[in-house]
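The data block below is start_5.cif; it holds mmCIF, C-alpha atoms.
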data_structure
loop_
_atom_site.label_atom_id
_atom_site.label_comp_id
_atom_site.auth_asym_id
_atom_site.auth_seq_id
_atom_site.Cartn_x
_atom_site.Cartn_y
_atom_site.Cartn_z
CA MET A 194 -38.01 65.91 -54.36
CA LEU A 195 -40.25 66.74 -57.28
CA LYS A 196 -39.60 64.75 -60.45
CA ALA A 197 -40.95 65.52 -63.92
CA CYS A 198 -42.29 62.54 -65.89
CA LEU A 199 -42.08 64.02 -69.35
CA ASN A 200 -43.74 61.62 -71.78
CA GLY A 201 -44.37 58.01 -70.71
CA GLY A 202 -46.33 56.19 -73.37
CA ARG A 203 -48.22 59.30 -74.48
CA ARG A 204 -48.73 59.93 -78.18
CA ARG A 205 -48.60 63.32 -79.86
CA ASP A 206 -52.29 62.98 -80.77
CA GLU A 207 -53.07 62.88 -77.05
CA HIS A 208 -51.29 66.20 -76.44
CA PRO A 209 -49.30 68.31 -78.91
CA ALA A 210 -46.62 69.13 -76.32
CA VAL A 211 -45.62 65.53 -75.54
CA PRO A 212 -41.83 65.38 -76.10
CA LEU A 213 -40.68 62.42 -78.18
CA THR A 214 -37.30 63.10 -79.76
CA PRO A 215 -34.06 63.52 -77.80
CA ALA A 216 -34.04 67.24 -78.63
CA GLU A 217 -37.62 67.65 -77.43
CA LEU A 218 -36.93 65.73 -74.23
CA ALA A 219 -33.85 67.85 -73.59
CA ALA A 220 -35.68 71.13 -74.14
CA ASP A 221 -38.53 70.04 -71.88
CA ALA A 222 -36.09 68.90 -69.21
CA VAL A 223 -34.47 72.33 -69.20
CA ARG A 224 -37.83 74.06 -68.83
CA CYS A 225 -38.94 71.74 -66.04
CA ALA A 226 -35.64 72.05 -64.18
CA SER A 227 -35.94 75.83 -64.38
CA ALA A 228 -39.45 75.48 -62.94
CA GLY A 229 -38.12 73.54 -59.98
CA VAL A 230 -37.83 69.79 -60.55
CA ALA A 231 -34.87 67.87 -59.15
CA ALA A 232 -34.92 65.02 -61.71
CA VAL A 233 -36.64 63.90 -64.90
CA HIS A 234 -38.04 60.54 -65.94
CA VAL A 235 -38.25 59.85 -69.67
CA HIS A 236 -39.33 57.08 -72.01
CA PRO A 237 -36.88 57.15 -74.94
CA ARG A 238 -38.49 56.65 -78.37
CA ASP A 239 -37.15 55.19 -81.59
CA ASP A 240 -37.52 56.83 -85.01
CA ALA A 241 -41.07 55.48 -85.31
CA GLY A 242 -42.05 56.98 -81.95
CA ALA A 243 -42.19 53.66 -80.10
CA GLU A 244 -40.78 53.26 -76.59
CA SER A 245 -37.44 51.49 -76.70
CA LEU A 246 -34.66 50.08 -74.52
CA ASP A 247 -32.29 49.87 -77.48
CA PRO A 248 -28.82 51.11 -76.45
CA ALA A 249 -28.64 53.72 -79.20
CA VAL A 250 -32.11 55.07 -78.42
CA VAL A 251 -31.48 55.27 -74.67
CA ALA A 252 -28.07 56.84 -75.26
CA ALA A 253 -29.48 59.55 -77.52
CA ALA A 254 -32.18 60.57 -75.05
CA VAL A 255 -30.03 60.51 -71.92
CA ALA A 256 -27.09 62.26 -73.58
CA ALA A 257 -29.34 65.00 -74.98
CA VAL A 258 -30.80 65.78 -71.55
CA ARG A 259 -27.36 65.81 -69.92
CA ALA A 260 -25.92 68.09 -72.58
CA ALA A 261 -28.82 70.52 -72.25
CA ARG A 262 -28.94 70.52 -68.44
CA PRO A 263 -25.69 69.17 -66.92
CA GLY A 264 -26.13 67.72 -63.47
CA LEU A 265 -29.86 67.06 -63.77
CA PRO A 266 -30.49 63.39 -62.88
CA VAL A 267 -32.29 61.56 -65.66
CA GLY A 268 -34.03 58.21 -65.41
CA VAL A 269 -35.80 55.80 -67.74
CA SER A 270 -38.42 53.08 -67.54
CA THR A 271 -37.79 49.36 -68.00
CA GLY A 272 -41.49 48.49 -68.27
CA ALA A 273 -42.30 45.04 -69.62
CA TRP A 274 -44.59 46.56 -72.26
CA ILE A 275 -41.46 48.01 -73.91
CA VAL A 276 -39.62 44.67 -74.15
CA PRO A 277 -41.91 41.84 -72.99
CA ASP A 278 -39.25 39.11 -72.82
CA PRO A 279 -37.39 39.38 -69.49
CA VAL A 280 -34.20 37.90 -70.94
CA GLU A 281 -34.20 40.49 -73.72
CA ARG A 282 -34.87 43.26 -71.19
CA VAL A 283 -31.83 42.21 -69.14
CA ALA A 284 -29.73 41.98 -72.30
CA ALA A 285 -30.79 45.48 -73.32
CA VAL A 286 -29.77 46.93 -69.95
CA ARG A 287 -26.40 45.19 -70.12
CA ALA A 288 -25.84 46.61 -73.60
CA TRP A 289 -26.52 50.26 -72.71
CA THR A 290 -23.61 52.46 -73.69
CA VAL A 291 -24.81 55.63 -71.96
CA LEU A 292 -26.22 54.92 -68.52
CA PRO A 293 -29.12 56.83 -66.97
CA ASP A 294 -28.80 57.92 -63.35
CA PHE A 295 -31.74 55.74 -62.33
CA ALA A 296 -34.27 53.36 -63.85
CA SER A 297 -37.65 52.17 -62.67
CA VAL A 298 -38.48 48.47 -62.43
CA ASN A 299 -42.07 47.38 -61.88
CA VAL A 300 -41.84 44.73 -59.18
CA HIS A 301 -44.89 42.77 -60.33
CA GLU A 302 -43.56 42.19 -63.84
CA PRO A 303 -41.92 38.91 -64.89
CA GLY A 304 -38.15 39.14 -64.60
CA ALA A 305 -38.22 42.27 -62.43
CA ALA A 306 -35.62 40.99 -59.97
CA GLU A 307 -33.25 40.08 -62.79
CA VAL A 308 -33.69 43.47 -64.48
CA ALA A 309 -33.02 45.20 -61.17
CA ALA A 310 -29.89 43.12 -60.68
CA ALA A 311 -28.64 44.01 -64.17
CA LEU A 312 -29.18 47.71 -63.49
CA HIS A 313 -27.30 47.48 -60.20
CA GLU A 314 -24.44 45.66 -61.90
CA ARG A 315 -24.19 48.56 -64.36
CA GLY A 316 -24.19 51.12 -61.57
CA VAL A 317 -27.68 52.47 -62.30
CA MET A 318 -29.80 53.30 -59.25
CA VAL A 319 -32.86 51.07 -59.06
CA GLU A 320 -36.31 52.50 -58.44
CA ALA A 321 -38.71 49.75 -57.35
CA GLY A 322 -42.16 50.43 -58.77
CA ILE A 323 -44.77 49.03 -56.39
CA TRP A 324 -48.35 48.99 -57.64
CA THR A 325 -49.94 46.66 -55.06
CA GLU A 326 -49.54 45.43 -51.48
CA ALA A 327 -48.54 42.01 -52.84
CA ALA A 328 -45.65 43.60 -54.69
CA VAL A 329 -44.18 44.77 -51.39
CA ASP A 330 -43.50 41.17 -50.38
CA ALA A 331 -41.98 40.38 -53.78
CA TRP A 332 -39.74 43.43 -53.55
CA ARG A 333 -38.54 42.51 -50.06
CA ARG A 334 -37.24 39.23 -51.50
CA TRP A 335 -34.96 41.06 -53.93
CA SER A 336 -31.25 40.75 -53.23
CA THR A 337 -30.55 43.92 -55.22
CA PRO A 338 -30.27 47.23 -53.33
CA THR A 339 -33.03 49.72 -54.05
CA GLY A 340 -32.30 53.42 -54.21
CA ARG A 341 -35.90 54.63 -54.19
CA VAL A 342 -39.35 53.08 -53.81
CA LEU A 343 -42.07 54.26 -56.18
CA VAL A 344 -45.56 53.83 -54.77
CA GLU A 345 -47.57 54.00 -57.96
CA CYS A 346 -51.35 54.33 -57.62
CA MET A 347 -52.72 53.31 -60.99
CA ALA A 348 -56.46 53.33 -60.17
CA GLU A 349 -58.34 56.17 -61.84
CA ARG A 350 -61.00 56.37 -59.11
CA VAL A 351 -59.67 58.83 -56.55
CA GLU A 352 -60.93 57.01 -53.48
CA THR A 353 -59.39 53.74 -54.69
CA ALA A 354 -56.06 55.37 -55.50
CA LEU A 355 -55.82 57.01 -52.09
CA ALA A 356 -56.76 53.76 -50.36
CA ASP A 357 -54.12 51.92 -52.38
CA ALA A 358 -51.56 54.54 -51.40
CA ALA A 359 -52.35 54.15 -47.71
CA ALA A 360 -52.25 50.35 -47.87
CA ILE A 361 -48.96 50.14 -49.76
CA LEU A 362 -47.26 52.76 -47.60
CA ALA A 363 -48.40 50.92 -44.46
CA ALA A 364 -46.96 47.66 -45.82
CA LEU A 365 -43.53 49.12 -46.55
CA PRO A 366 -40.80 48.35 -44.04
CA GLY A 367 -39.55 51.28 -42.00
CA GLU A 368 -36.04 51.24 -43.42
CA GLY A 369 -35.75 54.91 -44.26
CA LEU A 370 -35.61 54.42 -48.04
CA PRO A 371 -36.75 57.41 -50.08
CA VAL A 372 -40.37 56.94 -51.18
CA LEU A 373 -41.98 58.64 -54.17
CA LEU A 374 -45.79 58.57 -54.27
CA HIS A 375 -47.78 59.38 -57.40
CA GLY A 376 -51.05 58.67 -59.17
CA GLU A 377 -52.27 58.72 -62.75
CA GLY A 378 -55.24 60.07 -64.66
CA PRO A 379 -58.04 61.58 -62.55
CA ALA A 380 -56.24 60.54 -59.36
CA THR A 381 -53.01 62.37 -60.21
CA TRP A 382 -53.61 65.59 -58.30
CA PRO A 383 -55.34 64.05 -55.24
CA VAL A 384 -52.47 61.57 -54.85
CA PHE A 385 -49.99 64.40 -55.41
CA GLY A 386 -51.66 66.25 -52.55
CA GLU A 387 -51.38 63.17 -50.35
CA ALA A 388 -47.67 62.92 -51.12
CA VAL A 389 -47.18 66.55 -50.12
CA ARG A 390 -49.22 66.02 -46.95
CA ARG A 391 -47.08 63.04 -45.98
CA GLY A 392 -43.82 64.77 -46.86
CA LEU A 393 -42.94 62.24 -49.57
CA HIS A 394 -41.22 62.65 -52.90
CA THR A 395 -43.60 62.89 -55.83
CA ARG A 396 -43.76 63.60 -59.54
CA ILE A 397 -45.84 65.36 -62.17
CA GLY A 398 -45.90 65.52 -65.94
CA LEU A 399 -47.77 64.65 -69.09
CA GLU A 400 -47.08 60.95 -68.51
CA ASP A 401 -49.46 61.06 -65.56
CA THR A 402 -52.00 63.75 -66.47
CA LEU A 403 -52.94 66.15 -69.24
CA LEU A 404 -54.90 68.39 -66.88
CA LEU A 405 -54.25 71.05 -64.29
CA PRO A 406 -55.92 70.65 -60.87
CA ASP A 407 -58.93 72.73 -61.97
CA GLY A 408 -59.58 70.34 -64.86
CA THR A 409 -58.36 72.63 -67.63
CA PRO A 410 -55.86 71.28 -70.18
CA ALA A 411 -52.22 71.74 -69.21
CA PRO A 412 -50.26 73.64 -71.88
CA ASP A 413 -47.13 71.56 -71.32
CA ASN A 414 -44.93 69.85 -68.74
CA ALA A 415 -43.51 73.11 -67.44
CA ALA A 416 -47.02 74.37 -66.61
CA LEU A 417 -47.71 71.19 -64.66
CA VAL A 418 -44.44 71.58 -62.76
CA THR A 419 -45.08 75.26 -61.99
CA THR A 420 -48.52 74.38 -60.61
CA ALA A 421 -47.09 71.50 -58.60
CA ARG A 422 -44.42 73.72 -57.09
CA SER A 423 -47.07 76.21 -56.00
CA LEU A 424 -48.92 73.41 -54.19
CA TYR A 425 -45.69 72.38 -52.46
CA THR A 426 -45.21 75.85 -50.98
CA ARG A 427 -48.73 76.54 -49.76
#
Let me see the structure of the file written as structure tokens.
Amino acid sequence: MLKACLNGGRRRDEHPAVPLTPAELAADAVRCASAGVAAVHVHPRDDAGAESLDPAVVAAAVAAVRAARPGLPVGVSTGAWIVPDPVERVAAVRAWTVLPDFASVNVHEPGAAEVAAALHERGVMVEAGIWTEAAVDAWRRWSTPTGRVLVECMAERVETALADAAAILAALPGEGLPVLLHGEGPATWPVFGEAVRRGLHTRIGLEDTLLLPDGTPAPDNAALVTTARSLYTR
């Protein structure tokens, strides 16, 4: 599976094609789905452009994508930087009126297990975001079922990111859970290549990189997806 990560915490001054509004996210999702992605991951924004877990904000983004591309799975982040207080994060999830198909939970963050449990209670598939080997042990203590494991290599140095990927993947239990491997920044494309080599799910989009593999600026998310698909089929 190839997933498109459309915006993350990116600002418009970082790239003019970063989608922020529900309409922009929906239009980008359509383009990326047409280019070959099987799902999209979005960070809904409020009227000021800030990431938000507010029920109305999440509902607007998710509903817009579904209306524009019915059947395309759409997921959101529950990162602690959006709502730092774990109790408030859980309350936000429980108040959602329109539910995404999946949501990522960073295992190392305070309150991660409780957020995951709240998502599961609502019927939202949980993606466990694992950034370190230590997080594998914390995740294995969760009582909440996980639908997909995200091995997220956040180091910008390519050699470090690839080493982190190998270490985390080796630490994961062999339970047959779907695993999505991705990197960020300069390590995005090398880690993408490693995911393809290992036959794992992966993702691409302006959240992770603003550049094509040759170092030139990517015009938009669809261009990143088109390039990624070409690497998949080589």
| field | Polymer residues at most 9 Å from A:Trp324, all atoms listed in the file, same-chain spacing of 2 or more positions, as a list in words | value | Asn299, Val300, His301, Gly322, Glu326, Ala327, Ala328, Val329, Leu343, Val344, Glu345, Cys346, Met347, Asp357, Ala358 and Ile361 of chain A
Those same residues - C-alpha atoms - I'd like them written as a PDB file, in the coordinates of the input.
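File written: selection.pdb
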ATOM      1  CA  ASN A 299     -42.070  47.380 -61.880  1.00  0.00           C
ATOM      2  CA  VAL A 300     -41.840  44.730 -59.180  1.00  0.00           C
ATOM      3  CA  HIS A 301     -44.890  42.770 -60.330  1.00  0.00           C
ATOM      4  CA  GLY A 322     -42.160  50.430 -58.770  1.00  0.00           C
ATOM      5  CA  GLU A 326     -49.540  45.430 -51.480  1.00  0.00           C
ATOM      6  CA  ALA A 327     -48.540  42.010 -52.840  1.00  0.00           C
ATOM      7  CA  ALA A 328     -45.650  43.600 -54.690  1.00  0.00           C
ATOM      8  CA  VAL A 329     -44.180  44.770 -51.390  1.00  0.00           C
ATOM      9  CA  LEU A 343     -42.070  54.260 -56.180  1.00  0.00           C
ATOM     10  CA  VAL A 344     -45.560  53.830 -54.770  1.00  0.00           C
ATOM     11  CA  GLU A 345     -47.570  54.000 -57.960  1.00  0.00           C
ATOM     12  CA  CYS A 346     -51.350  54.330 -57.620  1.00  0.00           C
ATOM     13  CA  MET A 347     -52.720  53.310 -60.990  1.00  0.00           C
ATOM     14  CA  ASP A 357     -54.120  51.920 -52.380  1.00  0.00           C
ATOM     15  CA  ALA A 358     -51.560  54.540 -51.400  1.00  0.00           C
ATOM     16  CA  ILE A 361     -48.960  50.140 -49.760  1.00  0.00           C
TER      17      ILE A 361
END
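Matched in the shown structure by the PyMOL selection byres ((chain A and resi 242) around 10): A:Gly202, A:Arg203, A:Arg204, A:Arg205, A:Leu213, A:Thr214, A:Pro237, A:Arg238, A:Asp239, A:Asp240, A:Ala241, A:Ala243, A:Glu244, A:Ser245.
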**Prompt:** Could you work out how far atom CA of A:Val255 lies from atom CA of A:Ala416, giving the answer in Å with one decimal?
**Reply:**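 A separation of 22.6 Å between them.
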List every residue of stretch 234-269 of chain A that has an atom at most 9 Å from any atom of stretch 277-297 of chain A, giving for each one its closest atom pair and the distance in Å to one decimal, counting only C-alpha atoms, sorted by chain and then by ascending residue number, as CSV.
residue,atom,partner,partner_atom,distance
A:His234,CA,A:Ala296,CA,8.4
A:Leu246,CA,A:Ala285,CA,6.1
A:Asp247,CA,A:Ala285,CA,6.2
A:Pro248,CA,A:Trp289,CA,4.5
A:Ala249,CA,A:Thr290,CA,7.6
A:Val251,CA,A:Val291,CA,7.2
A:Ala252,CA,A:Val291,CA,4.8
A:Ala253,CA,A:Val291,CA,8.3
A:Val255,CA,A:Pro293,CA,6.2
A:Ala256,CA,A:Val291,CA,7.2
A:Pro266,CA,A:Asp294,CA,5.7
A:Val267,CA,A:Asp294,CA,5.5
A:Gly268,CA,A:Phe295,CA,4.6
A:Val269,CA,A:Ala296,CA,4.8
Those residues you just picked out, can you put them in a file as an mmCIF file, in the frame of the given file with C-alpha atoms?
data_model
loop_
_atom_site.group_PDB
_atom_site.id
_atom_site.type_symbol
_atom_site.label_atom_id
_atom_site.label_comp_id
_atom_site.auth_asym_id
_atom_site.auth_seq_id
_atom_site.Cartn_x
_atom_site.Cartn_y
_atom_site.Cartn_z
ATOM 1 C CA HIS A 234 -38.040 60.540 -65.940
ATOM 2 C CA LEU A 246 -34.660 50.080 -74.520
ATOM 3 C CA ASP A 247 -32.290 49.870 -77.480
ATOM 4 C CA PRO A 248 -28.820 51.110 -76.450
ATOM 5 C CA ALA A 249 -28.640 53.720 -79.200
ATOM 6 C CA VAL A 251 -31.480 55.270 -74.670
ATOM 7 C CA ALA A 252 -28.070 56.840 -75.260
ATOM 8 C CA ALA A 253 -29.480 59.550 -77.520
ATOM 9 C CA VAL A 255 -30.030 60.510 -71.920
ATOM 10 C CA ALA A 256 -27.090 62.260 -73.580
ATOM 11 C CA PRO A 266 -30.490 63.390 -62.880
ATOM 12 C CA VAL A 267 -32.290 61.560 -65.660
ATOM 13 C CA GLY A 268 -34.030 58.210 -65.410
ATOM 14 C CA VAL A 269 -35.800 55.800 -67.740
#
- prompt: Written as number ranges by chain, which residues does the PyMOL selection byres ((chain A and resi 378) around 10) give for the file shown?
  reply: A: 346-351, 376-377, 379-382, 399-404
Might you spell out which residues the PyMOL selection byres ((chain A and resi 227-230) around 7) would select in the displayed file, as an mmCIF file with C-alpha atoms, keeping the file's coordinate frame?
data_model
loop_
_atom_site.group_PDB
_atom_site.id
_atom_site.type_symbol
_atom_site.label_atom_id
_atom_site.label_comp_id
_atom_site.auth_asym_id
_atom_site.auth_seq_id
_atom_site.Cartn_x
_atom_site.Cartn_y
_atom_site.Cartn_z
ATOM 1 C CA LEU A 195 -40.250 66.740 -57.280
ATOM 2 C CA LYS A 196 -39.600 64.750 -60.450
ATOM 3 C CA ALA A 197 -40.950 65.520 -63.920
ATOM 4 C CA VAL A 223 -34.470 72.330 -69.200
ATOM 5 C CA ARG A 224 -37.830 74.060 -68.830
ATOM 6 C CA CYS A 225 -38.940 71.740 -66.040
ATOM 7 C CA ALA A 226 -35.640 72.050 -64.180
ATOM 8 C CA ALA A 231 -34.870 67.870 -59.150
ATOM 9 C CA ALA A 232 -34.920 65.020 -61.710
ATOM 10 C CA ALA A 415 -43.510 73.110 -67.440
ATOM 11 C CA VAL A 418 -44.440 71.580 -62.760
ATOM 12 C CA THR A 419 -45.080 75.260 -61.990
ATOM 13 C CA ARG A 422 -44.420 73.720 -57.090
#
How many Å lie between atom CA of A:Pro371 and atom CA of A:Glu314, rounded to one decimal?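 That distance, rounded to one decimal, is 20.7 Å.
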Option closest in space to A:Gly264, from A:Ala309, A:Val233, A:Gly304, A:Leu199 [counting only C-alpha atoms]: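 That would be A:Val233, the residue with the smallest distance to A:Gly264.
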So that I can check the surroundings of A:Leu370, please list as an mmCIF file with C-alpha atoms, in the frame of the given file every protein, DNA and RNA residue that reaches within 10 Å of it, counting all atoms listed in the file and ignoring chain neighbours fewer than 2 positions away.
data_model
loop_
_atom_site.group_PDB
_atom_site.id
_atom_site.type_symbol
_atom_site.label_atom_id
_atom_site.label_comp_id
_atom_site.auth_asym_id
_atom_site.auth_seq_id
_atom_site.Cartn_x
_atom_site.Cartn_y
_atom_site.Cartn_z
ATOM 1 C CA THR A 339 -33.030 49.720 -54.050
ATOM 2 C CA GLY A 340 -32.300 53.420 -54.210
ATOM 3 C CA ARG A 341 -35.900 54.630 -54.190
ATOM 4 C CA VAL A 342 -39.350 53.080 -53.810
ATOM 5 C CA LEU A 365 -43.530 49.120 -46.550
ATOM 6 C CA PRO A 366 -40.800 48.350 -44.040
ATOM 7 C CA GLY A 367 -39.550 51.280 -42.000
ATOM 8 C CA GLU A 368 -36.040 51.240 -43.420
ATOM 9 C CA VAL A 372 -40.370 56.940 -51.180
ATOM 10 C CA LEU A 373 -41.980 58.640 -54.170
#
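The shortest atom-to-atom distance to A:Asn200, with all atoms listed in the file taken into account, belongs to A:Ile397 out of A:Leu355, A:Leu374, A:Leu362, A:Ile397.
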By how many Å are atom CA of A:Pro383 and atom CA of A:Pro406 apart?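 Distance between the two atoms: 8.7 Å.
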*Compare A:Leu218, A:Ala388, A:Ile275, A:Ala306 by their minimum atom-to-atom distance to A:Val258, counting all atoms listed in the file, and give me the closest one.*
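Of the candidates, the smallest distance to A:Val258 is held by A:Leu218.
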task: Show me as a list in words the residues that reach within 7 Å of (-29.8, 67.9, -75.9), counting only C-alpha atoms and using the file's own coordinates.
output: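 So the residues meeting the distance criterion are Pro215, Ala216, Ala219, Ala220, Ala256, Ala257, Val258, Arg259, Ala260 and Ala261 of chain A.
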message: Measuring between all atoms listed in the file, which one of A:Val384, A:Ala321, A:Val211, A:Ala273 shows the shortest distance to A:Ala359?
response: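 Under the stated criterion, the closest residue is A:Val384.
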| task | Using all atoms listed in the file, find the one residue out of A:Cys198, A:Leu424, A:Ala305, A:Met318 that sits nearest to A:Arg396. | result |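 Among the listed residues, the smallest separation from A:Arg396 belongs to A:Cys198.
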